[in-house]
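**Student:** I have a structure here, written as structure tokens, and I will follow up with some questions on it.
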Amino acid sequence: MVFLNPAILLGLLAASIPILIHLLNFRKLKKVEFSSVSFLKELQKSKIKKIKIKQWLLLFLRTLLIILLVLAFARPTFEGTNIISSASAKSSTIFVLDNSLSMTYLTDKGTKFNQSKKIIKEIITNIDEGNDFYFITTSDSVKNTTNKNTALKFLEEIKITQLTKPLSKTIEEAKSILTKAQNINKEIFVFSDFQKNTFYFNIDSVSSDENIKIYSFDISEQHEDNFSVSNLVLNNAIIEVDKSLNFSADVSNYSENNGDNLSLSLFVNNERVSQKNISIPSFQTNKVDFETTLKSTGLIEAKVVLEDDNLVEDNSCYLNFEVLDKINILLLYENVDDIQFLNSAIKSVSTSERFEITQKPINNIAFLTLNNFDIIFIVTSGNINTDKIHNYLLSNGKVVIFPNDNPDINKFNILLAKINLKSVQKYISTENTNLNYAEFGFVDFSHPLFKSLFPDKNKQQIESPNIYRYLQFTDNQKLNSIIKLNNENIFLGETEFQKGKIILFATSPKLQSGNFPIKSIFAPLITRIILYSTTNQENQNFIVGDIIPLDVRKYNFPVLEIIAPNFDEKINLQNLKNDKFLFRNTQISGSYKFYNNKKLLDFANVNLNPDESDLRKIEIDSLRYFYEKLFNQNFTFVKSNEDYLNKIKNARFGTELWKLFLLLAFLIALLEMFVARSSKKDLMNFNQN
């Protein structure tokens with residue numbers, strides 16, 4: 001047992017007052033001898049003995065009455081196994097408020113987040129002024145004050161965030177803060193729905209702190225239904241205006257009930273272009289496909305939206321991709337006739353108005369800003385500034401390489417080595433009148449270059465050219481084969497270099513090397529390579545809180561303009577010390593666009609962490625194990641529908657007994673009155689006799 005007002009116990013000294021009074025009033029009776037009353041002596045002794053017993057009883061009762069009254073005012077309390085607090089000492093109190101997305105779940109009492117803030121406000125109101133208040137959320141920095149009004153202001157300022165941080169890490173941070181606190185009483189109040197997906201920990205090496213008490217408020221409902229959409233994907237590798245666009249998205253049911261007749265809509269540039277009604281079984285994810293037609297070029301901002309439920313914010317998923325209005329093409333050559341057929345093929349297609357062609361000799365490359373071009377075709381013997389090509393690829397460049405009809409193997413291998421490809425073994429050359437020529441042996445019709453090229457999938461066939469001169473590569477596993485010759489040599493292959501893309505041909509686009517340039521496949525293959533290489537939707541998908549790296553080498557103006565879903569910002573890049581700018585302010589989902597001199601140079605789509613959508617809770621045994629590791633037995637589980645103030649009070653100080661002691665004092669007082677009256681009557685009767 002402990003006493004919450006131990007100073008009152010000094011009042012126990014008052015219990016000596018009845019004893020002193022009794023001692024002062026104690027005196028012997030005078031003996032008066034009467035011979036005629038000798039027979040009454042035995043009766044007298046009996047009455048005196050009875051009176052003394054009552055007097056001793058009165059002394060006991062009066063002393064006990066004082067003791068009980070003092071103890072009642074000292075607030076005796078049964079101490080539990082986890083009692084560490086002292087009511088008279090200052091406290092350090094940390095409120096850990098889960099402000100992650102799942103806390104916006106709407107219940108009959110409002111959102112779980114607002115319920116938590118209401119309870120915290122009530123707890124703060126019942127805490128004495130002058131104590132330390134700390135606030136830690138699952139996203140924000142720590143805030144501290146000793147003023148209750150300021151604490152309430154801090155509480156009001158806490159908002160929901162779309163960032164995801166493990167609640168377990170936040171609790172460990174709170175423990176670390178209180179370990180250094182000077183106040184005797186140390187308490188943590190945790191308010192969360194305790195999602196299993198966002199509560200992961202490794203605390204085998206963590207020691208417990210028995211001087212900290214934690215109150216765990218579970219704000220979740222018994223059964224919470226939620227549906228979400230994620231992973232919006234564009235399935236087209238080649239995108240053309242007025243052609244079909246195919247999307248897919250994952251729709252998940254995180255509920256014990258089946259989701260029936262759910263409405264799902266696809267928006268492109270804020271216009272609804274498709275809608276479906278779907279059904280999803282309990283705790284399953286279905287892939288849903290959409291099809292629409294591309295109507296314009298530029299940045300295409302797509303999103304899929306699911307009908308509203310109790311958790312609205314995870315019902316949208318975003319995807320951005322760019323369809324260039326004008327594709328700037330650079331043709332580099334050693335002899336101008338090397339690019340004759342390439343130039344004609346690019347100009348021959350119906351969409352050629354989108355293509356801006358620039359032709360330059362290779363020896364002029366030093367004077368060119370390669371980042372101004374979306375794709376570069378190179379026809380070379382190998383005699384080229386490899387550093388310029390290397391740097392262009394590093395900044396997301398696209399390069400198509402042809403050998404000319406007289407390649408220098410050593411120089412060509414230097415070029416390949418610079419872009420991380422294996423060397424050419426030899427150059428095969430036969431007379432074009434010789435029947436000993438190479439043909440196509442394998443064509444990967446599943447590659448995007450050939451998808452949708454043939455209206456009838458059962459009639460996918462390419463008339464092979466006759467190839468007289470071509471590079472024979474060494475075994476090159478880094479080069480993905482698109483077309484192979486009948487001798488297993490790669491004719492057309494692709495690979496990635498950093499963020500750049502390389503497409504490599506084994507033969508020259510000239511008739512001296514074969515009749516490939518005049519075959520029907522040549523022009524559509526070249527144009528589809530352009531569209532395939534410049535479809536910009538790669539590496540643009542991020543989760544809220546991710547860092548978006550921007551390559552500023554292609555920025556010609558020192559000011560970066562950012563248009564985000566919730567703000568616009570301009571950043572000066574002049575003092576940047578490297579080629580990368582790391583954009584960190586991705587705290588909300590949606591479309592992010594980066595402009596330089598009013599030109600869109602980068603973009604990204606940022607989506608929610610799908611872990612926030614699964615509302616299933618961590619198992620109580622796991623949570624108990626976590627608390628025991630950190631706080632030994634000093635934890636209390638609280639439900640929001642309980643009398644939490646009383647439960648906290650009892651957990652802090654145990655069960656107070658002052659009412660019981662006061663009742664006992666009252667009963668003792670009644671008994672004392674009865675005994676005192678009886679004793680007085682006996683004395684009066686005795687004196688009369």
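Residue numbering restarts at 1 in every chain; chains get A, B, ... in the order shown in the structure tokens, and ligands count up from 1 in that same order.
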List as a VMD selection string the protein and nucleic acid residues near Lys451 of chain A, meaning an atom at most 9 Å away when only C-alpha atoms are counted, but skip any in the same chain fewer than 4 places from it.
**Tutor:** chain A and resid 237 to 238 445 to 447 457
**Student:** Those same residues - N, CA, C and O atoms - I'd like them written as a short mmCIF file (atom, residue, chain, number, x, y, z; two decimals), in the first residue's frame.
**Tutor:**
```cif
data_model
loop_
_atom_site.label_atom_id
_atom_site.label_comp_id
_atom_site.auth_asym_id
_atom_site.auth_seq_id
_atom_site.Cartn_x
_atom_site.Cartn_y
_atom_site.Cartn_z
N ALA A 237 3.97 -0.30 -74.84
CA ALA A 237 5.39 0.07 -74.91
C ALA A 237 5.61 1.11 -75.99
O ALA A 237 6.58 1.86 -75.95
N ILE A 238 4.72 1.15 -76.98
CA ILE A 238 4.78 2.15 -78.04
C ILE A 238 3.45 2.89 -78.03
O ILE A 238 2.38 2.28 -78.08
N PHE A 445 8.81 -11.87 -81.66
CA PHE A 445 7.56 -11.17 -81.96
C PHE A 445 6.85 -10.68 -80.69
O PHE A 445 5.91 -9.90 -80.79
N SER A 446 7.31 -11.13 -79.52
CA SER A 446 6.71 -10.63 -78.28
C SER A 446 7.29 -9.28 -77.87
O SER A 446 6.77 -8.63 -76.96
N HIS A 447 8.36 -8.87 -78.53
CA HIS A 447 8.98 -7.59 -78.20
C HIS A 447 8.04 -6.44 -78.60
O HIS A 447 7.32 -6.54 -79.60
N LYS A 457 -2.36 -12.01 -85.39
CA LYS A 457 -1.25 -12.58 -84.65
C LYS A 457 -0.82 -13.94 -85.19
O LYS A 457 0.30 -14.39 -84.96
#
```
**Student:** Residues near Asn261 of chain A, anyone? I mean within 9 Å using only C-alpha atoms, not counting same-chain ones fewer than 2 positions away, as number ranges by chain.
**Tutor:** A: 259, 263, 276-280
**Student:** Mind dumping the selected residues with C-alpha atoms as an mmCIF file, in the first residue's frame?
**Tutor:**
```cif
data_model
loop_
_atom_site.group_PDB
_atom_site.id
_atom_site.type_symbol
_atom_site.label_atom_id
_atom_site.label_comp_id
_atom_site.auth_asym_id
_atom_site.auth_seq_id
_atom_site.Cartn_x
_atom_site.Cartn_y
_atom_site.Cartn_z
ATOM 1 C CA GLY A 259 -17.037 -6.365 -52.369
ATOM 2 C CA SER A 263 -17.466 1.379 -59.341
ATOM 3 C CA LYS A 276 -16.270 -0.502 -64.788
ATOM 4 C CA ASN A 277 -18.268 -2.211 -62.057
ATOM 5 C CA ILE A 278 -16.330 -4.988 -60.363
ATOM 6 C CA SER A 279 -16.674 -7.523 -57.553
ATOM 7 C CA ILE A 280 -13.787 -8.643 -55.354
#
```
**Student:** Could you pull out all residues of segment 253-477 of chain A with a DSSP call of strand (DSSP E or B) and give them as a PyMOL selection string?
**Tutor:** chain A and resi 253+259-268+271-280+285-293+298-306+316-323+327-333+355-361+375-380+398-403+424-429+438+440-443+467+469-473
**Student:** Can you tell me, as a list in words, what residues are no more than 6 Å from segment 132-134 of chain A when counting only C-alpha atoms, ignoring any on the same chain fewer than 4 positions away?
**Tutor:**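 Answer for this query is Ser92, Thr93, Ile94, Lys143, Asn144, Thr145 and Thr146 of chain A.
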**Student:** Restricting the output to C-alpha atoms, write the selected residues as a JSON list (two decimals), in the first residue's frame.
**Tutor:**
```json
[["chain", "number", "residue", "atom", "x", "y", "z"],
["A", 92, "SER", "CA", 7.11, 13.85, -18.24],
["A", 93, "THR", "CA", 4.27, 12.77, -20.52],
["A", 94, "ILE", "CA", 4.65, 11.82, -24.19],
["A", 143, "LYS", "CA", 7.37, 19.06, -29.82],
["A", 144, "ASN", "CA", 7.73, 19.84, -26.11],
["A", 145, "THR", "CA", 6.17, 22.30, -23.63],
["A", 146, "THR", "CA", 5.36, 22.69, -19.94]]
```
**Student:** Would you mind listing, for every residue of segment 432-456 of chain A within 12 Å of segment 523-535 of chain A, the two atoms forming the shortest contact and the distance between them in Å to one decimal, using only C-alpha atoms, sorted by chain and ascending residue number, as a Markdown table?
**Tutor:**
```
| residue | atom | partner | partner_atom | distance |
| --- | --- | --- | --- | --- |
| A:His447 | CA | A:Tyr532 | CA | 10.5 |
| A:Pro448 | CA | A:Tyr532 | CA | 7.5 |
| A:Leu449 | CA | A:Arg528 | CA | 6.0 |
| A:Phe450 | CA | A:Leu525 | CA | 8.3 |
| A:Lys451 | CA | A:Arg528 | CA | 10.2 |
| A:Ser452 | CA | A:Arg528 | CA | 10.9 |
| A:Leu453 | CA | A:Pro524 | CA | 8.6 |
| A:Phe454 | CA | A:Pro524 | CA | 11.4 |
```
**Student:** Contacts of segment 294-309 of chain A at 7 Å or less, counting only C-alpha atoms, minus same-chain residues fewer than 4 places along, as a list in words?
**Tutor:**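 Contacts, with the query itself left out: Asn226, Val229, Val241, Asp242, Lys243, Ser244, Leu245, Leu262, Ser263, Leu264, Ser265, Leu266, Phe267, Val268, Asn269, Asn315, Ser316, Cys317, Tyr318, Leu319, Asn320, Phe321, Glu322, Val323, Leu324 and Asp325 of chain A.
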**Student:** Pick from A:Ser423, A:Asn605, A:Ser228, A:Ser520: nearest to Ala345 of chain A, with only C-alpha atoms counted?
**Tutor:**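 Under the stated criterion, the closest residue is A:Ser520.
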**Student:** Please provide the set of residues having any atom within 9 Å of Ser168 of chain A, restricted to only C-alpha atoms, with same-chain residues fewer than 5 positions apart removed, written as a ChimeraX atom specification.
**Tutor:** /A:173,198-201,626
**Student:** Any chance you could export the current selection's all heavy atoms as a CSV table (one decimal), in the first residue's frame?
**Tutor:**
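Here's the written file part.csv:
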```
chain,number,residue,atom,x,y,z
A,173,GLU,N,11.4,5.8,-30.0
A,173,GLU,CA,11.9,7.1,-29.9
A,173,GLU,C,11.4,7.8,-28.6
A,173,GLU,O,12.1,8.5,-27.9
A,173,GLU,CB,11.5,8.0,-31.1
A,173,GLU,CG,12.2,7.6,-32.4
A,173,GLU,CD,11.7,8.4,-33.6
A,173,GLU,OE1,11.0,9.4,-33.4
A,173,GLU,OE2,12.0,7.9,-34.7
A,198,THR,N,2.4,-2.0,-40.6
A,198,THR,CA,3.3,-0.8,-40.3
A,198,THR,C,3.8,-0.9,-38.9
A,198,THR,O,4.2,0.1,-38.3
A,198,THR,CB,2.5,0.5,-40.5
A,198,THR,OG1,1.3,0.5,-39.7
A,198,THR,CG2,2.1,0.7,-42.0
A,199,PHE,N,3.7,-2.1,-38.3
A,199,PHE,CA,4.3,-2.2,-36.9
A,199,PHE,C,5.3,-3.4,-37.0
A,199,PHE,O,4.9,-4.5,-36.6
A,199,PHE,CB,3.1,-2.6,-35.9
A,199,PHE,CG,3.5,-2.3,-34.5
A,199,PHE,CD1,3.0,-1.2,-33.9
A,199,PHE,CD2,4.3,-3.1,-33.8
A,199,PHE,CE1,3.3,-0.9,-32.5
A,199,PHE,CE2,4.6,-2.9,-32.5
A,199,PHE,CZ,4.1,-1.8,-31.8
A,200,TYR,N,6.5,-3.1,-37.4
A,200,TYR,CA,7.5,-4.1,-37.4
A,200,TYR,C,8.7,-3.7,-36.6
A,200,TYR,O,9.0,-2.5,-36.6
A,200,TYR,CB,7.9,-4.5,-38.9
A,200,TYR,CG,8.0,-3.3,-39.8
A,200,TYR,CD1,9.1,-2.5,-40.0
A,200,TYR,CD2,6.9,-3.0,-40.6
A,200,TYR,CE1,9.2,-1.5,-40.8
A,200,TYR,CE2,6.9,-1.9,-41.5
A,200,TYR,CZ,8.1,-1.2,-41.6
A,200,TYR,OH,8.1,-0.1,-42.5
A,201,PHE,N,9.3,-4.6,-36.0
A,201,PHE,CA,10.4,-4.3,-35.0
A,201,PHE,C,11.4,-5.4,-34.9
A,201,PHE,O,11.1,-6.5,-35.1
A,201,PHE,CB,9.8,-3.9,-33.7
A,201,PHE,CG,8.9,-4.9,-33.1
A,201,PHE,CD1,9.3,-5.9,-32.3
A,201,PHE,CD2,7.5,-4.9,-33.4
A,201,PHE,CE1,8.5,-6.9,-31.8
A,201,PHE,CE2,6.6,-5.8,-32.8
A,201,PHE,CZ,7.1,-6.9,-32.0
A,626,PHE,N,6.3,-6.9,-27.4
A,626,PHE,CA,7.0,-5.6,-27.7
A,626,PHE,C,7.0,-4.7,-26.5
A,626,PHE,O,8.1,-4.2,-26.1
A,626,PHE,CB,6.3,-4.9,-28.9
A,626,PHE,CG,6.8,-3.6,-29.2
A,626,PHE,CD1,8.0,-3.4,-29.9
A,626,PHE,CD2,6.1,-2.4,-28.8
A,626,PHE,CE1,8.5,-2.1,-30.2
A,626,PHE,CE2,6.6,-1.2,-29.1
A,626,PHE,CZ,7.8,-1.0,-29.8
```
**Student:** Env of Gln195 of chain A: 8 Å cut, atoms = only C-alpha atoms, seq-sep filter 6 positions within chain, self excluded. Answer as a ChimeraX atom specification.
**Tutor:** /A:612,614-618
**Student:** Restricting the calculation to only C-alpha atoms: of A:Asn99, A:Phe491, A:Ser282, A:Arg553, which residue gets closest to Leu394 of chain A?
**Tutor:**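 Selected residue with least distance to Leu394 of chain A: A:Arg553.
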**Student:** Could you give me, as a VMD selection string, the residues within 10 Å of Ser102 of chain A, counting only C-alpha atoms and dropping anything in the same chain fewer than 5 positions from it?
**Tutor:** chain A and resid 111 to 113 160 to 162 164 192 to 195 220 226 310 to 314 611 to 615
**Student:** For a quick check of understanding, using only C-alpha atoms, which of A:Thr507, A:Asn480, A:Thr107, A:Asn258 has the smallest distance to Ala438 of chain A?
**Tutor:**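 Ranking A:Thr507, A:Asn480, A:Thr107, A:Asn258 by distance to Ala438 of chain A, first place goes to A:Thr507.
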**Student:** Atom CA of Ala417 of chain A and atom CA of Pro517 of chain A are how many Å apart?
**Tutor:** 27.5 Å
